[in-house]
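Pasted below: start-v4.pdb, PDB, C-alpha atoms.
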ATOM      1  CA  MET A  25     133.535 106.209 -43.418
ATOM      2  CA  ARG A  26     130.780 108.727 -42.628
ATOM      3  CA  ILE A  27     131.539 112.135 -44.136
ATOM      4  CA  ILE A  28     128.576 113.960 -42.620
ATOM      5  CA  THR A  29     125.631 112.757 -40.533
ATOM      6  CA  THR A  30     122.471 114.081 -38.891
ATOM      7  CA  GLU A  31     124.371 113.792 -35.601
ATOM      8  CA  ASP A  32     126.747 116.498 -36.848
ATOM      9  CA  PHE A  33     123.968 119.071 -37.268
ATOM     10  CA  SER A  34     122.420 118.372 -33.867
ATOM     11  CA  ASP A  35     125.857 118.470 -32.248
ATOM     12  CA  ILE A  36     126.562 121.913 -33.714
ATOM     13  CA  TYR A  37     123.260 123.225 -32.330
ATOM     14  CA  ILE A  38     123.964 121.680 -28.920
ATOM     15  CA  LYS A  39     127.537 123.018 -28.761
ATOM     16  CA  ILE A  40     126.368 126.574 -29.486
ATOM     17  CA  HIS A  41     123.925 126.359 -26.580
ATOM     18  CA  GLN A  42     126.360 124.672 -24.217
ATOM     19  CA  ARG A  43     129.584 126.509 -25.061
ATOM     20  CA  GLY A  44     128.445 129.692 -26.775
ATOM     21  CA  LEU A  45     128.803 131.224 -30.222
ATOM     22  CA  PRO A  46     132.473 132.337 -29.795
ATOM     23  CA  PHE A  47     133.494 128.705 -29.229
ATOM     24  CA  PHE A  48     131.604 127.629 -32.358
ATOM     25  CA  LEU A  49     133.160 130.409 -34.450
ATOM     26  CA  SER A  50     136.642 129.366 -33.264
ATOM     27  CA  LYS A  51     136.198 126.193 -35.315
ATOM     28  CA  PHE A  52     136.424 128.239 -38.516
ATOM     29  CA  ASN A  53     140.053 129.134 -37.829
ATOM     30  CA  ILE A  54     142.110 127.929 -40.800
ATOM     31  CA  ASN A  55     144.935 126.943 -38.426
ATOM     32  CA  ALA A  56     144.360 123.307 -37.376
ATOM     33  CA  PHE A  57     146.482 123.706 -34.233
ATOM     34  CA  LYS A  58     144.370 126.683 -33.114
ATOM     35  CA  ARG A  59     141.189 124.645 -33.625
ATOM     36  CA  THR A  60     142.612 121.873 -31.482
ATOM     37  CA  GLN A  61     143.734 124.365 -28.846
ATOM     38  CA  SER A  62     140.249 125.887 -28.643
ATOM     39  CA  ALA A  63     138.862 122.471 -27.695
ATOM     40  CA  PHE A  64     141.008 122.376 -24.547
ATOM     41  CA  ASN A  65     141.799 125.916 -23.436
ATOM     42  CA  ASN A  66     138.611 126.473 -21.459
ATOM     43  CA  GLY A  67     138.857 124.448 -18.275
ATOM     44  CA  ASN A  68     135.617 125.823 -16.803
ATOM     45  CA  LEU A  69     133.108 124.543 -19.342
ATOM     46  CA  LYS A  70     129.957 122.942 -17.956
ATOM     47  CA  THR A  71     129.202 119.780 -19.916
ATOM     48  CA  ALA A  72     127.188 116.597 -19.532
ATOM     49  CA  ASN A  73     129.599 113.932 -20.719
ATOM     50  CA  PHE A  74     129.342 110.339 -19.531
ATOM     51  CA  TRP A  75     132.384 110.519 -17.255
ATOM     52  CA  ILE A  76     130.603 112.788 -14.748
ATOM     53  CA  ILE A  77     128.306 109.917 -13.673
ATOM     54  CA  PRO A  78     129.462 108.380 -10.359
ATOM     55  CA  ASP A  79     128.254 104.864 -11.255
ATOM     56  CA  VAL A  80     130.152 105.000 -14.564
ATOM     57  CA  ARG A  81     133.326 105.818 -12.661
ATOM     58  CA  LYS A  82     132.657 102.986 -10.213
ATOM     59  CA  ARG A  83     132.285 100.635 -13.180
ATOM     60  CA  TRP A  84     135.676 101.755 -14.517
ATOM     61  CA  ASN A  85     137.286 101.181 -11.118
ATOM     62  CA  ARG A  86     135.807  97.701 -10.857
ATOM     63  CA  LEU A  87     136.924  96.676 -14.342
ATOM     64  CA  ILE A  88     140.427  98.134 -13.901
ATOM     65  CA  THR A  89     141.269  97.607 -10.227
ATOM     66  CA  GLY A  90     138.706  95.009  -9.158
ATOM     67  CA  ASP A  91     137.289  97.410  -6.560
ATOM     68  CA  GLU A  92     134.678 100.018  -7.461
ATOM     69  CA  ASN A  93     136.052 102.340  -4.791
ATOM     70  CA  GLN A  94     139.734 102.091  -5.764
ATOM     71  CA  LEU A  95     141.122 104.557  -8.301
ATOM     72  CA  TYR A  96     143.663 103.300 -10.793
ATOM     73  CA  GLU A  97     146.345 105.661  -9.453
ATOM     74  CA  ASP A  98     146.109 103.951  -6.053
ATOM     75  CA  TYR A  99     146.072 100.548  -7.750
ATOM     76  CA  LEU A 100     149.220 101.425  -9.696
ATOM     77  CA  THR A 101     151.253 102.646  -6.775
ATOM     78  CA  LYS A 102     150.195  99.811  -4.440
ATOM     79  CA  ASN A 103     150.577  96.905  -6.855
ATOM     80  CA  TYR A 104     153.289  97.745  -9.376
ATOM     81  CA  PHE A 105     155.458 100.554  -8.064
ATOM     82  CA  LYS A 106     155.280  99.987  -4.315
ATOM     83  CA  ASP A 107     159.013  99.375  -3.967
ATOM     84  CA  LYS A 108     160.206 101.684  -6.770
ATOM     85  CA  THR A 109     161.382 104.940  -5.222
ATOM     86  CA  ASN A 110     162.526 108.292  -6.583
ATOM     87  CA  LEU A 111     161.116 107.692 -10.056
ATOM     88  CA  LYS A 112     160.718 110.409 -12.693
ATOM     89  CA  LEU A 113     157.400 110.462 -14.524
ATOM     90  CA  ILE A 114     156.509 112.531 -17.578
ATOM     91  CA  SER A 115     152.914 113.058 -18.662
ATOM     92  CA  LEU A 116     152.397 114.085 -22.278
ATOM     93  CA  GLY A 117     149.187 115.987 -23.013
ATOM     94  CA  SER A 118     148.393 116.254 -19.327
ATOM     95  CA  GLY A 119     145.533 118.782 -19.493
ATOM     96  CA  VAL A 120     144.294 119.718 -16.010
ATOM     97  CA  CYS A 121     146.685 117.124 -14.517
ATOM     98  CA  SER A 122     144.204 115.696 -12.011
ATOM     99  CA  HIS A 123     145.639 112.185 -12.345
ATOM    100  CA  GLU A 124     149.215 113.409 -12.264
ATOM    101  CA  ILE A 125     148.488 115.440  -9.139
ATOM    102  CA  ARG A 126     147.006 112.334  -7.535
ATOM    103  CA  LEU A 127     150.149 110.354  -8.349
ATOM    104  CA  ALA A 128     152.311 113.147  -6.939
ATOM    105  CA  GLU A 129     150.265 113.026  -3.732
ATOM    106  CA  LEU A 130     150.547 109.259  -3.437
ATOM    107  CA  ARG A 131     154.271 109.225  -4.163
ATOM    108  CA  PRO A 132     155.951 112.363  -2.787
ATOM    109  CA  ASP A 133     159.333 110.754  -3.565
ATOM    110  CA  TRP A 134     158.523 110.778  -7.302
ATOM    111  CA  GLU A 135     159.232 113.699  -9.625
ATOM    112  CA  VAL A 136     156.283 114.402 -11.939
ATOM    113  CA  HIS A 137     156.532 116.584 -15.067
ATOM    114  CA  CYS A 138     153.375 117.601 -16.947
ATOM    115  CA  TYR A 139     153.538 118.795 -20.549
ATOM    116  CA  ASP A 140     150.590 120.289 -22.451
ATOM    117  CA  PHE A 141     150.076 123.017 -25.053
ATOM    118  CA  SER A 142     147.198 124.572 -23.085
ATOM    119  CA  ASP A 143     148.759 127.113 -20.743
ATOM    120  CA  LYS A 144     145.329 127.860 -19.249
ATOM    121  CA  LEU A 145     144.781 124.278 -18.161
ATOM    122  CA  LEU A 146     148.305 124.086 -16.746
ATOM    123  CA  GLN A 147     147.774 127.305 -14.803
ATOM    124  CA  ASN A 148     144.707 125.739 -13.185
ATOM    125  CA  ALA A 149     146.706 122.581 -12.468
ATOM    126  CA  ALA A 150     149.560 124.544 -10.905
ATOM    127  CA  LYS A 151     147.095 126.354  -8.653
ATOM    128  CA  SER A 152     145.616 123.033  -7.530
ATOM    129  CA  ALA A 153     149.067 121.594  -6.826
ATOM    130  CA  GLN A 154     149.998 124.708  -4.855
ATOM    131  CA  GLU A 155     146.843 124.410  -2.748
ATOM    132  CA  LYS A 156     147.835 120.822  -1.950
ATOM    133  CA  LYS A 157     151.366 122.013  -1.124
ATOM    134  CA  LEU A 158     152.977 119.640  -3.599
ATOM    135  CA  ASN A 159     156.589 120.394  -4.465
ATOM    136  CA  ASN A 160     157.295 117.310  -6.611
ATOM    137  CA  ILE A 161     155.216 118.228  -9.670
ATOM    138  CA  SER A 162     156.082 120.739 -12.424
ATOM    139  CA  PHE A 163     154.171 122.094 -15.424
ATOM    140  CA  PHE A 164     155.444 122.958 -18.910
ATOM    141  CA  ALA A 165     153.375 124.645 -21.640
ATOM    142  CA  GLU A 166     154.981 123.092 -24.705
ATOM    143  CA  ASN A 167     154.061 121.335 -27.941
ATOM    144  CA  VAL A 168     155.417 117.853 -27.222
ATOM    145  CA  ILE A 169     155.691 117.073 -30.940
ATOM    146  CA  THR A 170     158.316 119.758 -31.527
ATOM    147  CA  TYR A 171     159.846 120.099 -28.049
ATOM    148  CA  ASN A 172     163.454 118.926 -27.739
ATOM    149  CA  PHE A 173     163.345 116.526 -24.785
ATOM    150  CA  GLU A 174     166.466 115.257 -23.098
ATOM    151  CA  PRO A 175     166.694 111.550 -24.102
ATOM    152  CA  GLN A 176     166.280 108.747 -21.554
ATOM    153  CA  ARG A 177     165.466 111.057 -18.668
ATOM    154  CA  TYR A 178     162.311 109.371 -17.327
ATOM    155  CA  ASP A 179     161.316 106.086 -15.704
ATOM    156  CA  ILE A 180     157.637 106.374 -16.694
ATOM    157  CA  VAL A 181     155.798 107.937 -19.625
ATOM    158  CA  PHE A 182     152.147 108.524 -18.770
ATOM    159  CA  PHE A 183     149.085 109.186 -20.942
ATOM    160  CA  HIS A 184     145.570 109.736 -19.671
ATOM    161  CA  ALA A 185     143.096 110.443 -22.492
ATOM    162  CA  SER A 186     145.793 112.194 -24.516
ATOM    163  CA  LEU A 187     147.605 109.565 -26.586
ATOM    164  CA  HIS A 188     144.690 109.307 -29.015
ATOM    165  CA  HIS A 189     145.275 112.952 -29.969
ATOM    166  CA  PHE A 190     148.644 112.209 -31.583
ATOM    167  CA  ASP A 191     149.040 111.285 -35.256
ATOM    168  CA  LYS A 192     151.331 108.692 -36.885
ATOM    169  CA  MET A 193     151.258 106.628 -33.730
ATOM    170  CA  ASP A 194     154.187 104.346 -34.453
ATOM    171  CA  ASP A 195     156.511 107.265 -35.169
ATOM    172  CA  PHE A 196     155.216 109.235 -32.199
ATOM    173  CA  LEU A 197     155.806 106.421 -29.736
ATOM    174  CA  LYS A 198     159.246 105.704 -31.135
ATOM    175  CA  ASN A 199     160.456 109.303 -31.425
ATOM    176  CA  VAL A 200     158.818 110.815 -28.332
ATOM    177  CA  ALA A 201     157.645 108.249 -25.779
ATOM    178  CA  VAL A 202     160.414 105.677 -26.209
ATOM    179  CA  LYS A 203     163.053 108.387 -26.568
ATOM    180  CA  ASN A 204     162.089 109.838 -23.182
ATOM    181  CA  LEU A 205     162.415 106.511 -21.362
ATOM    182  CA  LYS A 206     165.378 105.018 -19.606
ATOM    183  CA  PRO A 207     166.172 101.398 -20.585
ATOM    184  CA  GLY A 208     163.499  99.160 -19.097
ATOM    185  CA  GLY A 209     161.230 102.151 -18.499
ATOM    186  CA  TYR A 210     157.441 101.965 -18.232
ATOM    187  CA  LEU A 211     154.520 103.219 -20.292
ATOM    188  CA  ILE A 212     151.148 103.720 -18.577
ATOM    189  CA  ILE A 213     147.990 104.537 -20.528
ATOM    190  CA  ASN A 214     144.313 105.085 -19.842
ATOM    191  CA  GLU A 215     143.056 105.640 -23.355
ATOM    192  CA  PHE A 216     140.522 105.502 -26.135
ATOM    193  CA  VAL A 217     141.884 102.918 -28.582
ATOM    194  CA  GLY A 218     138.847 102.520 -30.863
ATOM    195  CA  ASN A 219     138.280 103.449 -34.490
ATOM    196  CA  ASN A 220     139.816 106.614 -35.935
ATOM    197  CA  ARG A 221     137.542 109.674 -35.911
ATOM    198  CA  LEU A 222     134.907 107.665 -33.979
ATOM    199  CA  GLN A 223     133.926 105.805 -37.130
ATOM    200  CA  TYR A 224     131.941 103.097 -35.376
ATOM    201  CA  SER A 225     130.637  99.980 -37.078
ATOM    202  CA  GLN A 226     126.937  99.808 -37.878
ATOM    203  CA  GLU A 227     126.587  97.118 -35.222
ATOM    204  CA  GLN A 228     128.011  99.462 -32.593
ATOM    205  CA  ILE A 229     125.689 102.283 -33.664
ATOM    206  CA  ASN A 230     122.730  99.889 -33.464
ATOM    207  CA  TYR A 231     123.730  98.931 -29.918
ATOM    208  CA  ILE A 232     124.155 102.590 -28.936
ATOM    209  CA  ASN A 233     120.588 103.211 -30.079
ATOM    210  CA  LYS A 234     119.402 100.186 -28.083
ATOM    211  CA  ALA A 235     121.056 101.775 -25.048
ATOM    212  CA  ILE A 236     119.301 105.095 -25.682
ATOM    213  CA  ASP A 237     115.974 103.240 -25.946
ATOM    214  CA  LEU A 238     116.526 101.875 -22.427
ATOM    215  CA  ILE A 239     116.513 105.425 -21.021
ATOM    216  CA  PRO A 240     113.079 106.991 -20.298
ATOM    217  CA  LYS A 241     112.365 110.256 -22.113
ATOM    218  CA  LYS A 242     112.431 112.315 -18.902
ATOM    219  CA  PHE A 243     116.129 111.474 -18.588
ATOM    220  CA  ARG A 244     116.949 112.190 -22.242
ATOM    221  CA  LYS A 245     116.559 115.960 -22.237
ATOM    222  CA  ILE A 246     119.829 117.376 -23.575
ATOM    223  CA  PHE A 247     121.874 119.642 -21.328
ATOM    224  CA  LYS A 248     121.134 123.386 -21.750
ATOM    225  CA  THR A 249     118.650 122.791 -24.607
ATOM    226  CA  GLY A 250     114.994 121.920 -25.092
ATOM    227  CA  LEU A 251     115.917 118.942 -27.245
ATOM    228  CA  TYR A 252     115.664 115.250 -26.403
ATOM    229  CA  LYS A 253     118.183 112.575 -27.303
ATOM    230  CA  ASN A 254     116.211 110.048 -29.336
ATOM    231  CA  SER A 255     118.820 108.366 -31.502
ATOM    232  CA  TYR A 256     122.457 108.340 -32.555
ATOM    233  CA  SER A 257     123.667 108.267 -36.171
ATOM    234  CA  GLY A 258     127.450 108.421 -35.691
ATOM    235  CA  SER A 259     130.022 111.179 -36.144
ATOM    236  CA  GLY A 260     130.915 112.598 -39.547
ATOM    237  CA  VAL A 261     134.579 112.971 -40.405
ATOM    238  CA  LEU A 262     134.225 116.585 -41.576
ATOM    239  CA  ARG A 263     132.823 117.766 -38.253
ATOM    240  CA  MET A 264     135.427 115.765 -36.330
ATOM    241  CA  ILE A 265     138.234 117.472 -38.231
ATOM    242  CA  ALA A 266     136.646 120.915 -37.950
ATOM    243  CA  ALA A 267     135.995 120.600 -34.217
ATOM    244  CA  ASP A 268     139.365 119.116 -33.285
ATOM    245  CA  PRO A 269     141.752 117.832 -35.979
ATOM    246  CA  SER A 270     143.597 115.785 -33.362
ATOM    247  CA  GLU A 271     140.600 113.863 -32.040
ATOM    248  CA  CYS A 272     141.118 110.094 -32.496
ATOM    249  CA  VAL A 273     143.356 110.842 -35.469
ATOM    250  CA  ASP A 274     145.195 107.492 -35.295
ATOM    251  CA  SER A 275     143.634 105.820 -32.263
ATOM    252  CA  ILE A 276     143.227 102.443 -33.955
ATOM    253  CA  SER A 277     147.030 102.166 -34.155
ATOM    254  CA  ILE A 278     147.697 102.744 -30.452
ATOM    255  CA  LEU A 279     147.751  99.156 -29.197
ATOM    256  CA  PRO A 280     149.612  97.663 -32.212
ATOM    257  CA  ALA A 281     152.286 100.372 -31.878
ATOM    258  CA  ILE A 282     152.603  99.877 -28.122
ATOM    259  CA  HIS A 283     152.938  96.118 -28.532
ATOM    260  CA  ARG A 284     155.729  96.701 -31.063
ATOM    261  CA  TYR A 285     157.942  98.596 -28.599
ATOM    262  CA  PHE A 286     156.727  97.387 -25.203
ATOM    263  CA  ASN A 287     155.987  94.188 -23.330
ATOM    264  CA  VAL A 288     152.566  93.963 -21.708
ATOM    265  CA  ILE A 289     152.569  93.908 -17.915
ATOM    266  CA  GLU A 290     148.836  94.440 -17.593
ATOM    267  CA  GLU A 291     146.133  95.425 -20.072
ATOM    268  CA  LYS A 292     142.558  95.970 -18.888
ATOM    269  CA  PRO A 293     139.761  96.718 -21.384
ATOM    270  CA  TYR A 294     136.884  98.599 -19.769
ATOM    271  CA  GLY A 295     134.431  99.326 -22.557
ATOM    272  CA  ASN A 296     132.601 102.644 -22.976
ATOM    273  CA  ASN A 297     131.676 101.467 -26.485
ATOM    274  CA  LEU A 298     128.041 102.359 -25.791
ATOM    275  CA  LEU A 299     128.262 104.606 -22.729
ATOM    276  CA  GLN A 300     130.324 107.344 -24.383
ATOM    277  CA  SER A 301     127.755 108.078 -27.080
ATOM    278  CA  ALA A 302     124.495 106.971 -25.450
ATOM    279  CA  LEU A 303     125.016 109.145 -22.348
ATOM    280  CA  LYS A 304     126.642 112.122 -24.052
ATOM    281  CA  ASP A 305     124.792 115.388 -23.281
ATOM    282  CA  ILE A 306     122.287 113.651 -20.950
ATOM    283  CA  ALA A 307     124.683 112.460 -18.246
ATOM    284  CA  HIS A 308     123.647 115.285 -15.893
ATOM    285  CA  HIS A 309     120.408 113.414 -15.182
ATOM    286  CA  PHE A 310     122.386 110.595 -13.557
ATOM    287  CA  VAL A 311     124.799 112.537 -11.353
ATOM    288  CA  ASN A 312     122.412 112.493  -8.388
ATOM    289  CA  GLU A 313     121.258 108.894  -8.500
ATOM    290  CA  ASP A 314     118.262 107.142  -7.029
ATOM    291  CA  ALA A 315     116.980 103.573  -7.294
ATOM    292  CA  GLU A 316     115.260 104.198 -10.645
ATOM    293  CA  LYS A 317     118.317 105.798 -12.262
ATOM    294  CA  LYS A 318     120.625 103.119 -10.890
ATOM    295  CA  GLU A 319     118.423 100.414 -12.415
ATOM    296  CA  ILE A 320     118.462 102.208 -15.798
ATOM    297  CA  LEU A 321     122.257 102.457 -15.741
ATOM    298  CA  GLU A 322     122.597  98.789 -14.821
ATOM    299  CA  ARG A 323     120.511  97.834 -17.866
ATOM    300  CA  VAL A 324     122.741 100.003 -20.071
ATOM    301  CA  PHE A 325     125.864  98.464 -18.481
ATOM    302  CA  ASP A 326     124.495  94.958 -19.139
ATOM    303  CA  LEU A 327     123.884  95.846 -22.777
ATOM    304  CA  GLU A 328     127.446  97.102 -23.141
ATOM    305  CA  ASP A 329     128.765  93.904 -21.544
ATOM    306  CA  GLU A 330     126.761  91.931 -24.096
ATOM    307  CA  PHE A 331     128.314  93.944 -26.932
ATOM    308  CA  LEU A 332     131.828  93.491 -25.534
ATOM    309  CA  LYS A 333     131.522  89.699 -25.618
ATOM    310  CA  THR A 334     132.113  89.811 -29.383
ATOM    311  CA  ASN A 335     133.756  93.223 -29.893
ATOM    312  CA  LYS A 336     136.983  94.892 -28.791
ATOM    313  CA  SER A 337     136.851  97.499 -26.050
ATOM    314  CA  ASP A 338     137.133 101.155 -27.061
ATOM    315  CA  PHE A 339     138.958 102.038 -23.846
ATOM    316  CA  VAL A 340     141.974 100.338 -22.287
ATOM    317  CA  PHE A 341     144.075 100.794 -19.168
ATOM    318  CA  GLY A 342     147.577  99.414 -19.655
ATOM    319  CA  ILE A 343     150.979  99.067 -18.011
ATOM    320  CA  TYR A 344     153.895  98.231 -20.285
ATOM    321  CA  GLN A 345     157.671  97.916 -20.081
ATOM    322  CA  LEU A 346     160.103  98.941 -22.785
ATOM    323  CA  LYS A 347     161.498  95.966 -24.700
TER
END
Go ahead and express the file in the form of structure tokens.
Amino acid sequence: MRIITTEDFSDIYIKIHQRGLPFFLSKFNINAFKRTQSAFNNGNLKTANFWIIPDVRKRWNRLITGDENQLYEDYLTKNYFKDKTNLKLISLGSGVCSHEIRLAELRPDWEVHCYDFSDKLLQNAAKSAQEKKLNNISFFAENVITYNFEPQRYDIVFFHASLHHFDKMDDFLKNVAVKNLKPGGYLIINEFVGNNRLQYSQEQINYINKAIDLIPKKFRKIFKTGLYKNSYSGSGVLRMIAADPSECVDSISILPAIHRYFNVIEEKPYGNNLLQSALKDIAHHFVNEDAEKKEILERVFDLEDEFLKTNKSDFVFGIYQLK
């Protein structure tokens, strides 16, 4: 376990420049829930995280759906729920609800409920849904840990990049996710399932640095700073807890807990073991791609594929059915 690293100090400097001093000072709030909330309440932040790169998203699509141009929401509704009508879906920790809105568009006969503690993100989501004239999706600003849900109300429980923010995974799945499902109901996840608090192995850190070395210096200038990304030393636990106490708090337990209560219908690992850290804060260079940038990304992708031959994927897309 890494308590504090050089990465922590550079990340603090970068966050101040990217998000401003008020955001940084919010991390000194003694209330852990408030610190978590501050990480999500601003839906208009400009960042340079790896998921903004079009070719990264195409890679995800290919590994999950088999088609780089097919989103997993389309894949789900066409392959697994084509003949299942009038279903009720609940999304826990839905954030801006972009994936839930997509599902509501694809299946107007479904009823979609989005729960999140960030009222600001839900307000943005509601505006988007209204613009699309969707009347089958609703938004609820609630803490799903303490909210008193009506048992066995839903056919599907859905998590996109939110399940890893919940602690005591076995209890959470049993007392919240399973409780919400009708008998034979489904769980769908698109999640980080790697080590708690991003405590990567030394081998993974070494590979992340190999990936960074594949990127020319001109593409390693960090977003909104004069700094260059030259290496990666891993995240320290203290900074992780200070920045967001919920981040990857029990992520390593996600798959074992799911397998305890659900049968696997489909489980697709899609990596990001190197991409998430190697491209963090420099991803903006690769949004508008050309032949040179595409070749660089392909080399990084190949390196990640090499790593994944002998290591478990940090990210998984899964469809499960309640035992």
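Applied to the shown file, the PyMOL selection byres ((chain A and resi 296) around 8) selects the residues Tyr294, Gly295, Asn297, Leu298, Leu299, Gln300, Glu328, Ser337, Asp338 and Phe339 of chain A.
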Restricting the output to C-alpha atoms, write the selected residues as a PDB file, in the coordinates of the input.
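Here's the written file selection-v4.pdb:
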ATOM      1  CA  TYR A 294     136.884  98.599 -19.769  1.00  0.00           C
ATOM      2  CA  GLY A 295     134.431  99.326 -22.557  1.00  0.00           C
ATOM      3  CA  ASN A 297     131.676 101.467 -26.485  1.00  0.00           C
ATOM      4  CA  LEU A 298     128.041 102.359 -25.791  1.00  0.00           C
ATOM      5  CA  LEU A 299     128.262 104.606 -22.729  1.00  0.00           C
ATOM      6  CA  GLN A 300     130.324 107.344 -24.383  1.00  0.00           C
ATOM      7  CA  GLU A 328     127.446  97.102 -23.141  1.00  0.00           C
ATOM      8  CA  SER A 337     136.851  97.499 -26.050  1.00  0.00           C
ATOM      9  CA  ASP A 338     137.133 101.155 -27.061  1.00  0.00           C
ATOM     10  CA  PHE A 339     138.958 102.038 -23.846  1.00  0.00           C
TER      11      PHE A 339
END
Applied to the shown file, which residues does the PyMOL selection byres ((chain A and resi 213) around 6) return, written as an NGL selection string? :A and (183-184 or 212 or 214-215 or 341-342)
Write the selection just made, keeping C-alpha atoms, as a PDB file, in the coordinates of the input?
ATOM      1  CA  PHE A 183     149.085 109.186 -20.942  1.00  0.00           C
ATOM      2  CA  HIS A 184     145.570 109.736 -19.671  1.00  0.00           C
ATOM      3  CA  ILE A 212     151.148 103.720 -18.577  1.00  0.00           C
ATOM      4  CA  ASN A 214     144.313 105.085 -19.842  1.00  0.00           C
ATOM      5  CA  GLU A 215     143.056 105.640 -23.355  1.00  0.00           C
ATOM      6  CA  PHE A 341     144.075 100.794 -19.168  1.00  0.00           C
ATOM      7  CA  GLY A 342     147.577  99.414 -19.655  1.00  0.00           C
TER       8      GLY A 342
END
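When all atoms listed in the file are used to compute distances to Leu303 (chain A), the closest of the residues A:Asn167, A:Ser115, A:Ser255, A:Asn219 turns out to be A:Ser255.
Here the PyMOL selection byres ((chain A and resi 113) around 8) captures the residues Leu111, Lys112, Ile114, Ser115, Trp134, Glu135, Val136, His137, Tyr178, Asp179, Ile180, Val181 and Phe182 of chain A.
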Next, dump the selected residues to file, keeping only C-alpha atoms, as a tab-separated table (two decimals), keeping the file's coordinate frame.
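What follows is the written file out_21.tsv:
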chain	number	residue	atom	x	y	z
A	111	LEU	CA	161.12	107.69	-10.06
A	112	LYS	CA	160.72	110.41	-12.69
A	114	ILE	CA	156.51	112.53	-17.58
A	115	SER	CA	152.91	113.06	-18.66
A	134	TRP	CA	158.52	110.78	-7.30
A	135	GLU	CA	159.23	113.70	-9.62
A	136	VAL	CA	156.28	114.40	-11.94
A	137	HIS	CA	156.53	116.58	-15.07
A	178	TYR	CA	162.31	109.37	-17.33
A	179	ASP	CA	161.32	106.09	-15.70
A	180	ILE	CA	157.64	106.37	-16.69
A	181	VAL	CA	155.80	107.94	-19.62
A	182	PHE	CA	152.15	108.52	-18.77
For Gly260 (chain A), which residue out of A:Leu222, A:Ala165, A:Leu187, A:Leu238 is the nearest one, using all atoms listed in the file? A:Leu222
Mind checking which residues fall within 9 Å of Val120 (chain A), counting all atoms listed in the file, ignoring those fewer than 5 positions away in the same chain, and posting them as number ranges by chain? A: 67, 144-150
If you count all atoms listed in the file, which residues fall within 9 Å of Arg131 (chain A), apart from same-chain ones fewer than 6 positions away, as a list in words? Thr101, Thr109, Asn110 and Asn160 of chain A
Around all of region 284-295 of chain A's listed atoms, make the axis-aligned box with 4 Å on each side and tell me centre and edge lengths in Å to one decimal, as JSON.
{"center_x": 146.2, "center_y": 96.6, "center_z": -24.3, "size_x": 31.5, "size_y": 13.4, "size_z": 21.5}
Calculated over only C-alpha atoms, which of the candidates A:Ser270, A:Ser257, A:Asn312, A:Ser142 has the smallest distance to Arg26 (chain A)? A:Ser257
Please tell me which residues are no farther than 9 Å from (150.4, 98.5, -19.4) in the file, counting all atoms listed in the file, and write them as a PyMOL selection string. chain A and resi 210-214+286-292+341-345
Can you write just those residues out, C-alpha atoms, as a PDB file, keeping the file's coordinate frame?
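The resulting file, result14.pdb, is shown below:
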ATOM      1  CA  TYR A 210     157.441 101.965 -18.232  1.00  0.00           C
ATOM      2  CA  LEU A 211     154.520 103.219 -20.292  1.00  0.00           C
ATOM      3  CA  ILE A 212     151.148 103.720 -18.577  1.00  0.00           C
ATOM      4  CA  ILE A 213     147.990 104.537 -20.528  1.00  0.00           C
ATOM      5  CA  ASN A 214     144.313 105.085 -19.842  1.00  0.00           C
ATOM      6  CA  PHE A 286     156.727  97.387 -25.203  1.00  0.00           C
ATOM      7  CA  ASN A 287     155.987  94.188 -23.330  1.00  0.00           C
ATOM      8  CA  VAL A 288     152.566  93.963 -21.708  1.00  0.00           C
ATOM      9  CA  ILE A 289     152.569  93.908 -17.915  1.00  0.00           C
ATOM     10  CA  GLU A 290     148.836  94.440 -17.593  1.00  0.00           C
ATOM     11  CA  GLU A 291     146.133  95.425 -20.072  1.00  0.00           C
ATOM     12  CA  LYS A 292     142.558  95.970 -18.888  1.00  0.00           C
ATOM     13  CA  PHE A 341     144.075 100.794 -19.168  1.00  0.00           C
ATOM     14  CA  GLY A 342     147.577  99.414 -19.655  1.00  0.00           C
ATOM     15  CA  ILE A 343     150.979  99.067 -18.011  1.00  0.00           C
ATOM     16  CA  TYR A 344     153.895  98.231 -20.285  1.00  0.00           C
ATOM     17  CA  GLN A 345     157.671  97.916 -20.081  1.00  0.00           C
TER      18      GLN A 345
END
Quick one: residues within 12 Å of His309 (chain A), only C-alpha atoms counted, chain neighbours fewer than 6 positions away excluded, as a ChimeraX atom specification? /A:71-74,76-78,239-248,303,316-318,320-321
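Between Thr89 (chain A) and the candidates A:Pro293, A:Tyr171, A:Glu155, A:Tyr37, the tightest atom-to-atom separation, counting all atoms listed in the file, involves A:Pro293.
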One decimal, in Å: what's the spacing between CA of Val202 (chain A) and CA of Pro280 (chain A)? 14.7 Å
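The space separating CA of Pro175 (chain A) from CA of Asn204 (chain A) comes to 5.0 Å.
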